[in-house]
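Visitor: Contents are compact mmCIF, C-alpha atoms and all ligand atoms; file name structure_29.txt:
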```txt
# COMPACT_ATOMS: atom_id res chain seq x y z
CA MET A 1 -23.01 52.01 30.63
CA ARG A 2 -19.66 50.35 31.38
CA PRO A 3 -18.46 47.80 28.84
CA PRO A 4 -18.51 44.21 30.19
CA ILE A 5 -15.29 42.50 31.26
CA SER A 6 -14.14 40.69 28.12
CA PHE A 7 -13.84 36.88 28.25
CA ALA A 8 -16.18 36.69 31.30
CA GLY A 9 -19.94 36.13 31.25
CA SER A 10 -20.35 32.88 29.31
CA PRO A 11 -23.99 32.00 28.63
CA LEU A 12 -23.22 28.27 28.92
CA ASP A 13 -24.06 26.04 31.90
CA ARG A 14 -20.84 24.11 32.50
CA GLU A 15 -22.81 21.05 33.66
CA ASN A 16 -20.23 20.10 36.25
CA LEU A 17 -22.62 17.60 37.87
CA ARG A 18 -24.22 15.94 34.83
CA ARG A 19 -20.92 15.63 32.96
CA ARG A 20 -19.95 12.99 35.56
CA GLU A 21 -22.74 10.70 34.29
CA ARG A 22 -21.28 8.66 31.48
CA ALA A 23 -24.65 7.89 29.84
CA TRP A 24 -25.63 11.56 29.72
CA LEU A 25 -22.24 12.57 28.32
CA GLU A 26 -22.36 9.89 25.61
CA ALA A 27 -25.86 10.96 24.62
CA GLN A 28 -24.62 14.54 24.16
CA GLN A 29 -21.67 13.34 22.09
CA LYS A 30 -23.98 11.34 19.80
CA SER A 31 -26.80 13.89 19.60
CA PRO A 32 -27.27 15.45 16.15
CA GLU A 33 -28.27 18.67 17.96
CA SER A 34 -24.88 19.11 19.64
CA ARG A 35 -22.70 21.97 18.43
CA TYR A 36 -18.94 21.98 18.03
CA LEU A 37 -16.60 24.97 18.03
CA PRO A 38 -13.56 24.03 15.92
CA LEU A 39 -10.22 25.50 16.98
CA TRP A 40 -7.22 25.29 14.71
CA ARG A 41 -3.90 25.86 16.49
CA LEU A 42 -5.84 27.69 19.21
CA GLN A 43 -7.68 29.94 16.75
CA PRO A 44 -11.48 29.65 17.02
CA LEU A 45 -13.61 29.42 13.88
CA LEU A 46 -15.50 32.69 13.31
CA LYS A 47 -18.24 33.55 10.84
CA ARG A 48 -17.24 35.99 8.15
CA GLY A 49 -19.28 39.12 7.51
CA ASP A 50 -19.91 42.44 9.18
CA GLU A 51 -20.96 40.87 12.48
CA ARG A 52 -18.39 38.32 13.58
CA ALA A 53 -19.57 35.46 15.78
CA LEU A 54 -18.47 31.94 16.67
CA ALA A 55 -19.07 29.48 13.82
CA TRP A 56 -20.53 26.28 15.28
CA ALA A 57 -20.26 23.02 13.36
CA LYS A 58 -22.00 19.65 13.44
CA ARG A 59 -20.16 16.44 14.27
CA GLU A 60 -19.83 15.54 10.56
CA PHE A 61 -17.45 18.49 10.18
CA PHE A 62 -14.55 16.64 11.76
CA GLU A 63 -15.64 12.99 11.81
CA ASP A 64 -13.29 11.91 9.02
CA ILE A 65 -10.22 13.80 10.20
CA GLU A 66 -7.35 11.82 11.65
CA GLY A 67 -5.64 12.86 14.87
CA VAL A 68 -8.56 14.80 16.34
CA PRO A 69 -8.61 14.49 20.13
CA GLU A 70 -11.78 13.89 22.12
CA PRO A 71 -14.10 16.92 22.09
CA VAL A 72 -14.22 19.05 25.25
CA LEU A 73 -17.68 19.71 26.68
CA LEU A 74 -17.93 23.45 27.30
CA GLY A 75 -21.50 23.31 28.59
CA THR A 76 -25.12 23.47 27.52
CA ARG A 77 -27.48 26.21 26.45
CA ASP A 78 -31.24 25.66 26.06
CA GLY A 79 -30.59 21.94 26.47
CA VAL A 80 -28.07 21.78 23.61
CA ALA A 81 -24.52 20.60 24.34
CA HIS A 82 -21.66 22.78 23.12
CA PHE A 83 -18.21 21.28 22.61
CA ALA A 84 -14.78 22.52 21.55
CA ILE A 85 -12.91 20.40 19.03
CA ASP A 86 -9.19 20.69 18.26
CA VAL A 87 -8.63 20.32 14.49
CA SER A 88 -4.96 21.35 14.57
CA SER A 89 -3.93 18.11 12.82
CA VAL A 90 -5.33 19.46 9.54
CA GLU A 91 -2.61 21.17 7.49
CA ARG A 92 -4.76 23.61 5.48
CA PRO A 93 -8.10 23.89 7.25
CA ASP A 94 -9.70 26.50 4.96
CA GLU A 95 -9.21 24.20 1.95
CA SER A 96 -9.92 20.92 3.73
CA PHE A 97 -13.19 22.08 5.24
CA GLY A 98 -14.37 24.11 2.25
CA ILE A 99 -15.37 26.99 4.52
CA ALA A 100 -13.28 29.86 3.16
CA ASP A 101 -16.34 31.81 1.93
CA VAL A 102 -18.26 31.68 5.19
CA ALA A 103 -15.85 31.32 8.10
CA SER A 104 -12.19 31.60 9.08
CA PHE A 105 -9.92 30.65 11.95
CA GLU A 106 -8.86 33.83 13.75
CA ASP A 107 -6.50 34.85 16.53
CA LEU A 108 -8.69 35.40 19.59
CA ARG A 109 -6.75 38.36 20.98
CA ALA A 110 -7.03 40.18 17.66
CA SER A 111 -10.72 39.44 17.21
CA VAL A 112 -12.13 39.72 20.76
CA ALA A 113 -13.27 43.29 20.26
CA LEU A 114 -15.39 42.19 17.27
CA LEU A 115 -17.20 39.36 19.05
CA PRO A 116 -20.40 39.48 21.14
CA ALA A 117 -19.46 39.28 24.84
CA GLY A 118 -20.91 35.79 25.35
CA ASP A 119 -19.07 34.42 22.31
CA ALA A 120 -15.76 35.87 23.54
CA ALA A 121 -16.26 34.14 26.90
CA ILE A 122 -17.03 30.78 25.26
CA ALA A 123 -13.98 31.16 23.01
CA ALA A 124 -11.83 31.92 26.06
CA GLN A 125 -12.97 28.75 27.84
CA ALA A 126 -12.44 26.72 24.66
CA ARG A 127 -8.97 28.14 23.98
CA SER A 128 -7.70 27.56 27.51
CA LEU A 129 -9.04 23.99 27.69
CA VAL A 130 -7.93 22.90 24.21
CA ASP A 131 -4.45 24.25 24.94
CA TRP A 132 -4.31 22.46 28.30
CA HIS A 133 -5.40 19.11 26.84
CA ALA A 134 -2.87 19.41 24.01
CA ARG A 135 -0.05 19.89 26.53
CA HIS A 136 -1.07 17.20 29.01
CA GLY A 137 -1.03 13.95 27.10
CA HIS A 138 1.51 12.64 29.60
CA CYS A 139 1.28 12.26 33.36
CA ALA A 140 3.40 14.68 35.40
CA VAL A 141 3.76 12.00 38.12
CA CYS A 142 4.94 8.91 36.16
CA GLY A 143 5.19 9.97 32.51
CA GLY A 144 2.43 7.58 31.41
CA HIS A 145 -0.28 8.45 28.91
CA THR A 146 -3.35 10.31 30.17
CA ARG A 147 -6.95 10.30 28.95
CA SER A 148 -9.65 12.94 29.03
CA VAL A 149 -12.53 12.22 31.45
CA GLN A 150 -15.85 13.91 32.30
CA GLY A 151 -16.01 15.55 28.91
CA GLY A 152 -12.60 17.14 29.31
CA ALA A 153 -13.03 18.50 32.84
CA ASN A 154 -9.81 16.70 33.78
CA ARG A 155 -7.41 13.93 32.71
CA VAL A 156 -6.47 10.64 34.38
CA CYS A 157 -3.25 8.67 33.96
CA PHE A 158 -3.68 5.18 32.43
CA ASP A 159 -0.73 3.86 34.45
CA CYS A 160 -0.83 5.38 37.95
CA GLN A 161 -4.43 6.75 37.92
CA ALA A 162 -3.24 10.22 39.01
CA GLU A 163 -5.80 12.92 38.26
CA HIS A 164 -4.75 16.14 36.53
CA PHE A 165 -6.89 19.27 36.45
CA PRO A 166 -6.73 22.26 34.11
CA ARG A 167 -4.85 25.05 35.86
CA THR A 168 -5.64 28.72 36.09
CA ASP A 169 -2.70 30.98 36.91
CA PRO A 170 -3.52 34.04 39.05
CA VAL A 171 -1.98 37.31 37.92
CA ALA A 172 -2.05 40.40 40.15
CA ILE A 173 -2.57 43.54 38.08
CA ALA A 174 -2.67 46.92 39.79
CA ILE A 175 -2.85 50.61 39.26
CA VAL A 176 -0.95 52.46 41.98
CA VAL A 177 -2.35 55.75 43.26
CA HIS A 178 -1.00 58.48 45.51
CA GLY A 179 -3.31 61.39 46.18
CA ASP A 180 -4.49 62.68 42.83
CA ARG A 181 -1.96 60.81 40.76
CA CYS A 182 -1.84 57.31 39.32
CA MET A 183 1.32 55.43 38.35
CA LEU A 184 1.37 53.32 35.19
CA GLY A 185 4.23 51.57 33.44
CA ARG A 186 5.34 50.76 29.91
CA GLY A 187 6.69 47.29 29.23
CA PRO A 188 9.57 46.44 26.87
CA GLY A 189 8.46 46.36 23.23
CA TRP A 190 5.22 48.25 23.82
CA PRO A 191 4.24 51.23 21.64
CA GLU A 192 6.04 54.41 22.78
CA THR A 193 2.82 56.05 23.94
CA MET A 194 1.30 53.06 25.78
CA PHE A 195 1.10 52.92 29.60
CA SER A 196 -0.75 50.35 31.67
CA ALA A 197 -1.21 48.79 35.10
CA LEU A 198 1.70 46.76 36.52
CA ALA A 199 1.19 43.00 36.54
CA GLY A 200 2.84 39.78 37.64
CA PHE A 201 2.05 36.20 38.56
CA VAL A 202 1.09 35.51 42.16
CA GLU A 203 3.88 33.32 43.54
CA ALA A 204 3.77 30.31 45.86
CA GLY A 205 3.05 31.15 49.49
CA GLU A 206 1.89 34.68 48.71
CA ASN A 207 -1.50 36.31 48.93
CA LEU A 208 -2.89 38.79 46.45
CA GLU A 209 -1.98 41.87 48.47
CA GLU A 210 1.60 40.66 48.96
CA ALA A 211 1.91 39.90 45.25
CA VAL A 212 0.83 43.45 44.35
CA ARG A 213 3.27 45.02 46.83
CA ARG A 214 6.17 42.83 45.69
CA GLU A 215 5.51 43.24 41.97
CA VAL A 216 5.10 47.01 42.14
CA PHE A 217 8.23 47.42 44.27
CA GLU A 218 10.33 45.12 42.05
CA GLU A 219 9.30 46.88 38.85
CA SER A 220 9.04 50.51 39.95
CA GLY A 221 10.66 50.87 43.37
CA VAL A 222 7.41 52.31 44.77
CA ARG A 223 6.23 51.02 48.16
CA VAL A 224 2.53 50.11 48.32
CA GLY A 225 0.52 49.93 51.55
CA ALA A 226 -3.18 49.12 51.35
CA VAL A 227 -4.33 47.00 48.41
CA ARG A 228 -7.94 46.62 47.36
CA TYR A 229 -9.50 44.17 44.91
CA VAL A 230 -11.52 45.79 42.11
CA CYS A 231 -12.46 43.23 39.42
CA SER A 232 -11.08 40.17 37.64
CA GLN A 233 -10.88 38.74 34.14
CA PRO A 234 -10.19 35.34 32.60
CA TRP A 235 -7.24 35.75 30.22
CA PRO A 236 -6.98 32.75 27.90
CA PHE A 237 -3.35 33.20 26.75
CA PRO A 238 -3.10 30.46 27.77
CA SER A 239 -5.04 30.34 31.05
CA SER A 240 -4.59 33.19 33.53
CA LEU A 241 -6.97 34.97 35.85
CA MET A 242 -6.16 38.68 35.91
CA ILE A 243 -7.02 40.00 39.38
CA GLY A 244 -7.39 43.76 39.12
CA CYS A 245 -6.44 45.85 42.19
CA ILE A 246 -5.76 49.36 43.30
CA GLY A 247 -2.68 49.86 45.48
CA LEU A 248 -2.13 52.94 47.63
CA ALA A 249 1.44 54.17 47.30
CA GLU A 250 3.45 55.26 50.33
CA SER A 251 5.83 57.33 48.20
CA GLU A 252 6.14 58.64 44.64
CA GLU A 253 9.84 58.11 43.96
CA ILE A 254 10.30 55.75 41.01
CA ALA A 255 13.32 53.45 40.49
CA ILE A 256 12.65 51.32 37.42
CA ASP A 257 13.85 47.76 36.93
CA HIS A 258 14.69 47.95 33.23
CA ALA A 259 14.44 44.19 32.80
CA GLU A 260 10.71 44.53 33.53
CA LEU A 261 9.77 48.07 32.48
CA ASP A 262 10.96 50.64 29.98
CA ASP A 263 9.25 53.46 31.82
CA ALA A 264 6.91 54.28 34.71
CA ARG A 265 5.30 57.64 35.40
CA TRP A 266 2.72 59.35 37.55
CA PHE A 267 -0.32 60.70 35.68
CA THR A 268 -3.11 63.08 36.65
CA ARG A 269 -6.78 62.21 36.22
CA ASP A 270 -7.05 64.78 33.44
CA ALA A 271 -4.17 63.19 31.52
CA LEU A 272 -5.64 59.70 31.75
CA ARG A 273 -9.15 60.94 30.96
CA ALA A 274 -7.77 62.54 27.79
CA ALA A 275 -5.95 59.29 26.93
CA LEU A 276 -9.16 57.25 27.43
CA GLU A 277 -11.00 59.65 25.14
CA GLY A 278 -8.28 59.49 22.48
CA ARG A 279 -7.38 63.16 22.92
CA ARG A 280 -3.71 62.59 23.71
CA PRO A 281 -1.60 61.50 20.70
CA ASP A 282 1.37 61.11 23.06
CA LEU A 283 -0.41 58.90 25.63
CA SER A 284 -2.53 55.76 25.24
CA VAL A 285 -3.92 53.14 27.61
CA PRO A 286 -5.02 49.53 26.93
CA PRO A 287 -8.25 48.95 24.96
CA PRO A 288 -11.57 48.07 26.66
CA PHE A 289 -11.02 44.29 26.32
CA ALA A 290 -8.15 44.53 28.86
CA VAL A 291 -8.86 44.66 32.59
CA ALA A 292 -6.26 47.44 32.97
CA HIS A 293 -8.59 49.67 30.94
CA HIS A 294 -11.38 49.09 33.48
CA LEU A 295 -9.06 49.88 36.41
CA ILE A 296 -7.84 53.12 34.83
CA ARG A 297 -11.35 54.16 33.83
CA ALA A 298 -12.76 53.44 37.29
CA TRP A 299 -10.06 55.59 38.94
CA VAL A 300 -10.53 58.43 36.44
CA GLU A 301 -14.29 58.38 37.09
CA GLY A 302 -13.72 58.44 40.85
CA SER A 303 -15.52 55.17 41.50
CA LEU A 304 -12.64 53.59 43.44
CA GLU A 305 -12.51 56.01 46.37
ZN ZN A 401 0.84 8.54 35.98
```
Would you mind writing the file out in structure tokens?
Ligand SMILES: [Zn+2]
Guide:
Amino acid sequence: MRPPISFAGSPLDRENLRRRERAWLEAQQKSPESRYLPLWRLQPLLKRGDERALAWAKREFFEDIEGVPEPVLLGTRDGVAHFAIDVSSVERPDESFGIADVASFEDLRASVALLPAGDAAIAAQARSLVDWHARHGHCAVCGGHTRSVQGGANRVCFDCQAEHFPRTDPVAIAIVVHGDRCMLGRGPGWPETMFSALAGFVEAGENLEEAVRREVFEESGVRVGAVRYVCSQPWPFPSSLMIGCIGLAESEEIAIDHAELDDARWFTRDALRAALEGRRPDLSVPPPFAVAHHLIRAWVEGSLE
């Protein structure tokens, strides 16, 4: 069975209709049943032990802390509200909360592979939203202060009433194929053996196919014709949507832009299959929590034709 796309597949109902009802939202905030995922400087709280999982807290956990912003409603599960709470104002959280024996704040990128899929998706939503709220205390229109509304679904300016919504930035990420070969690139600072799909932000006035063609040509000099969507992934660093594609090359000649790539090469299916199976010490591809891994694996298995 294929591994799931990491950071997707949250088990929570986002409650985008009920969160507009102030009375319902306040009842969830006051309910002793409600659960809170603390994040400290964008690191979610995880249970210690052999099986890592999100560590949910009760409201008492953070009630006495100064400088804690309003909790963000992530959604409900089995009728229980789940919130994210930003406790970054605490200097030494492990000591202050007395949790060092049972839980710890962890970098999400480093720990995603250890988490159950649903927990990783919840942590992704929490990380992106907490980061967005922390950066948007002021209105981009008039500079006034903003406040969180609808349980953190958006913010409204106190002064000019402008509404601001959390953004998601689309990133086109593509493997490029030509006949029986697939081109991958190696970015600056990557491990010597690592090759992956080429990626870049979709720019204004550009569709996904155009973004793939432009990005691949800028980075590698290879012209791409047809582009097909394969799968996508939320990427909460801080809030991208990776849109995975396969691009059909019109030529194989590579001319690298060294500001963007250190290397780009064409690989056979056998070479990439060996890399996926860990049989090539000189060649590695991204781990299963990255969408590039799914693209490469799908091509190697022949499921993209
Ligand atoms: Zn304003």
Visitor: Could I get the residue neighbourhood of ligand ZN 401 (chain A) at 12 Å, counting all atoms listed in the file, as a PyMOL selection string?
Guide: chain A and resi 136-147+155-164
Visitor: Quick one: of A:Ala55, A:Leu241, A:Ala172, A:Ile296, who's nearest to Glu210 (chain A), counting all atoms listed in the file?
Guide: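 Distance minimum relative to Glu210 (chain A) lands on A:Ala172.
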Visitor: Between CA of Pro234 (chain A) and CA of Pro4 (chain A), what is the spacing in Å?
Guide: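 About the pair CA of Pro4 (chain A) and CA of Pro234 (chain A): they are 12.4 Å apart.
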Visitor: Grab the CA of Pro281 (chain A) to CA of Leu184 (chain A) distance for me, in Å with one decimal place.
Guide: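 Calculated distance between CA of Pro281 (chain A) and CA of Leu184 (chain A) is 16.9 Å.
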Visitor: Which residues are near region 266-278 of chain A? Cut-off 12 Å, only C-alpha atoms, ignore same chain within fewer than 2 positions. Put them as JSON, numbers by chain.
Guide: {"A": [175, 176, 177, 178, 179, 180, 181, 182, 183, 184, 185, 186, 193, 194, 195, 196, 197, 220, 222, 249, 251, 252, 253, 254, 263, 264, 280, 281, 282, 283, 284, 285, 286, 287, 288, 292, 293, 294, 295, 296, 297, 298, 299, 300, 301, 302]}
Visitor: Near Asp78 (chain A), counting all atoms listed in the file, which residues have an atom at most 10 Å away, once you skip same-chain residues fewer than 3 positions from it, shown as a VMD selection string?
Guide: chain A and resid 11 to 13 81
Visitor: If you measure from CA of Glu95 (chain A) to CA of Pro69 (chain A), what distance in Å do you get, rounded to one decimal?
Guide: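 Separation of CA of Glu95 (chain A) and CA of Pro69 (chain A): 20.6 Å.
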Visitor: Calculated over all atoms listed in the file, which of the candidates A:Leu45, A:Cys231, A:Val149, A:Ala27 has the smallest distance to Ser111 (chain A)?
Guide: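 Looking at the shortest contact to Ser111 (chain A), the residue is A:Leu45.
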Visitor: Which polymer residues have any atom within 8 Å of an atom of Arg14 (chain A), counting all atoms listed in the file, with same-chain residues fewer than 3 positions away left out, as a PDB file with C-alpha atoms, in the coordinates of the input?
Guide:
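Wrote it out as around_24.pdb, contents follow:
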```
ATOM      1  CA  LEU A  73     -17.680  19.710  26.680  1.00  0.00           C
ATOM      2  CA  LEU A  74     -17.930  23.450  27.300  1.00  0.00           C
ATOM      3  CA  GLY A  75     -21.500  23.310  28.590  1.00  0.00           C
ATOM      4  CA  THR A  76     -25.120  23.470  27.520  1.00  0.00           C
TER       5      THR A  76
END
```
Visitor: Tell me which protein, DNA and RNA residues are within 8 Å of Asp257 (chain A), counting all atoms listed in the file, leaving out same-chain ones fewer than 5 positions away, and put them as number ranges by chain.
Guide: A: 218-221
Visitor: Which one is closest to Trp40 (chain A): A:Asn16, A:Ser6, A:Ser104, A:Gln150? Count all atoms listed in the file.
Guide: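 The closest residue to Trp40 (chain A) is A:Ser104.
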Visitor: Near Ala153 (chain A), counting all atoms listed in the file, which residues have an atom at most 12 Å away, once you skip same-chain residues fewer than 5 positions from it, shown as a list in words?
Guide: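 The residues satisfying every condition are Arg14, Glu15, Asn16, Leu17, Arg18, Arg19, Arg20, Leu25, Glu70, Pro71, Val72, Leu73, Leu74, Gly75, Phe83, Gln125, Ala126, Ser128, Leu129, Val130, Trp132, His133, Arg147, Ser148, Glu163, His164, Phe165, Pro166 and Arg167 of chain A.
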Visitor: Counting all atoms listed in the file, which of A:Leu248, A:Leu261, A:Leu46, A:Leu54 gets nearest to Ile99 (chain A)?
Guide: A:Leu46
Visitor: Rank nothing, just name the residue among A:Ala255, A:Ile246, A:Ile85, A:Leu42 nearest to Glu63 (chain A), using all atoms listed in the file.
Guide: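 For Glu63 (chain A), the nearest of the candidates is A:Ile85.
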Visitor: Using only C-alpha atoms, which of A:Ala204, A:Ala57, A:Val212, A:Ala23 sits nearest Leu39 (chain A)?
Guide: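 Checking each of A:Ala204, A:Ala57, A:Val212, A:Ala23 against Leu39 (chain A), counting only C-alpha atoms, the winner is A:Ala57.
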Visitor: Using all atoms of region 111-127 of chain A that appear in the file, construct an axis-aligned enclosing box with 3 Å of padding on every side and provide its centre coordinates and edge lengths in Å, rounded to one decimal, as JSON.
Guide:
```
{"center_x": -14.9, "center_y": 35.0, "center_z": 22.5, "size_x": 17.9, "size_y": 22.6, "size_z": 16.6}
```
Visitor: Distance cut-off 7 Å, centre (-7.6, 32.6, 17.8) in file coordinates, counting all atoms listed in the file: which residues qualify? Return them as number ranges by chain.
Guide: A: 42-44, 105-109
Visitor: Please return, as a PDB file with C-alpha atoms, keeping the file's coordinate frame, all polymer residues that have at least one atom within 9 Å of the point (-2.0, 30.5, 36.5); use all atoms listed in the file and the file's own coordinate frame.
Guide:
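Okay, result.pdb is ready:
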```pdb
ATOM      1  CA  ARG A 167      -4.850  25.050  35.860  1.00  0.00           C
ATOM      2  CA  THR A 168      -5.640  28.720  36.090  1.00  0.00           C
ATOM      3  CA  ASP A 169      -2.700  30.980  36.910  1.00  0.00           C
ATOM      4  CA  PRO A 170      -3.520  34.040  39.050  1.00  0.00           C
ATOM      5  CA  VAL A 171      -1.980  37.310  37.920  1.00  0.00           C
ATOM      6  CA  PHE A 201       2.050  36.200  38.560  1.00  0.00           C
ATOM      7  CA  VAL A 202       1.090  35.510  42.160  1.00  0.00           C
ATOM      8  CA  PRO A 238      -3.100  30.460  27.770  1.00  0.00           C
ATOM      9  CA  SER A 239      -5.040  30.340  31.050  1.00  0.00           C
ATOM     10  CA  SER A 240      -4.590  33.190  33.530  1.00  0.00           C
ATOM     11  CA  LEU A 241      -6.970  34.970  35.850  1.00  0.00           C
TER      12      LEU A 241
END
```
Visitor: Could I get region 72-126 of chain A from the block written out with C-alpha atoms, as a PDB file, in the first residue's frame?
Guide:
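File written: out30.pdb
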```pdb
ATOM      1  CA  VAL A  72      -7.336  29.081  17.119  1.00  0.00           C
ATOM      2  CA  LEU A  73     -10.189  26.634  16.553  1.00  0.00           C
ATOM      3  CA  LEU A  74      -8.828  23.811  14.398  1.00  0.00           C
ATOM      4  CA  GLY A  75     -12.093  21.862  14.337  1.00  0.00           C
ATOM      5  CA  THR A  76     -14.074  19.220  16.157  1.00  0.00           C
ATOM      6  CA  ARG A  77     -13.881  15.463  16.464  1.00  0.00           C
ATOM      7  CA  ASP A  78     -16.651  13.378  18.072  1.00  0.00           C
ATOM      8  CA  GLY A  79     -18.225  16.632  19.237  1.00  0.00           C
ATOM      9  CA  VAL A  80     -15.089  17.832  21.051  1.00  0.00           C
ATOM     10  CA  ALA A  81     -13.491  21.122  20.000  1.00  0.00           C
ATOM     11  CA  HIS A  82      -9.763  21.115  19.264  1.00  0.00           C
ATOM     12  CA  PHE A  83      -7.788  24.353  19.443  1.00  0.00           C
ATOM     13  CA  ALA A  84      -4.195  25.432  18.839  1.00  0.00           C
ATOM     14  CA  ILE A  85      -2.657  27.730  21.432  1.00  0.00           C
ATOM     15  CA  ASP A  86       0.528  29.764  20.939  1.00  0.00           C
ATOM     16  CA  VAL A  87       2.606  29.685  24.152  1.00  0.00           C
ATOM     17  CA  SER A  88       5.699  31.293  22.621  1.00  0.00           C
ATOM     18  CA  SER A  89       5.702  34.034  25.286  1.00  0.00           C
ATOM     19  CA  VAL A  90       6.984  31.508  27.845  1.00  0.00           C
ATOM     20  CA  GLU A  91      10.789  31.590  28.064  1.00  0.00           C
ATOM     21  CA  ARG A  92      11.449  28.025  29.247  1.00  0.00           C
ATOM     22  CA  PRO A  93       8.321  25.996  28.530  1.00  0.00           C
ATOM     23  CA  ASP A  94       9.594  22.602  29.728  1.00  0.00           C
ATOM     24  CA  GLU A  95      10.294  24.055  33.189  1.00  0.00           C
ATOM     25  CA  SER A  96       7.288  26.366  33.362  1.00  0.00           C
ATOM     26  CA  PHE A  97       4.777  23.691  32.444  1.00  0.00           C
ATOM     27  CA  GLY A  98       6.415  20.855  34.384  1.00  0.00           C
ATOM     28  CA  ILE A  99       6.003  18.508  31.427  1.00  0.00           C
ATOM     29  CA  ALA A 100       9.588  17.462  30.707  1.00  0.00           C
ATOM     30  CA  ASP A 101       8.967  13.824  31.699  1.00  0.00           C
ATOM     31  CA  VAL A 102       5.921  13.297  29.509  1.00  0.00           C
ATOM     32  CA  ALA A 103       6.032  15.670  26.557  1.00  0.00           C
ATOM     33  CA  SER A 104       8.303  18.000  24.602  1.00  0.00           C
ATOM     34  CA  PHE A 105       8.036  20.711  21.975  1.00  0.00           C
ATOM     35  CA  GLU A 106       9.474  19.375  18.714  1.00  0.00           C
ATOM     36  CA  ASP A 107      10.304  20.667  15.252  1.00  0.00           C
ATOM     37  CA  LEU A 108       7.498  19.423  13.003  1.00  0.00           C
ATOM     38  CA  ARG A 109       9.658  18.746   9.950  1.00  0.00           C
ATOM     39  CA  ALA A 110      11.997  16.589  12.020  1.00  0.00           C
ATOM     40  CA  SER A 111       9.211  14.670  13.741  1.00  0.00           C
ATOM     41  CA  VAL A 112       6.585  14.233  10.992  1.00  0.00           C
ATOM     42  CA  ALA A 113       7.789  10.756  10.102  1.00  0.00           C
ATOM     43  CA  LEU A 114       7.201   9.643  13.713  1.00  0.00           C
ATOM     44  CA  LEU A 115       3.627  10.918  13.981  1.00  0.00           C
ATOM     45  CA  PRO A 116       0.363   9.165  13.033  1.00  0.00           C
ATOM     46  CA  ALA A 117      -0.890  10.620   9.719  1.00  0.00           C
ATOM     47  CA  GLY A 118      -3.902  12.370  11.272  1.00  0.00           C
ATOM     48  CA  ASP A 119      -1.759  13.995  13.960  1.00  0.00           C
ATOM     49  CA  ALA A 120       0.714  15.278  11.361  1.00  0.00           C
ATOM     50  CA  ALA A 121      -2.160  16.881   9.431  1.00  0.00           C
ATOM     51  CA  ILE A 122      -3.555  18.563  12.557  1.00  0.00           C
ATOM     52  CA  ALA A 123      -0.077  19.819  13.469  1.00  0.00           C
ATOM     53  CA  ALA A 124       0.328  21.218   9.945  1.00  0.00           C
ATOM     54  CA  GLN A 125      -2.927  23.174  10.182  1.00  0.00           C
ATOM     55  CA  ALA A 126      -1.979  24.418  13.661  1.00  0.00           C
TER      56      ALA A 126
END
```
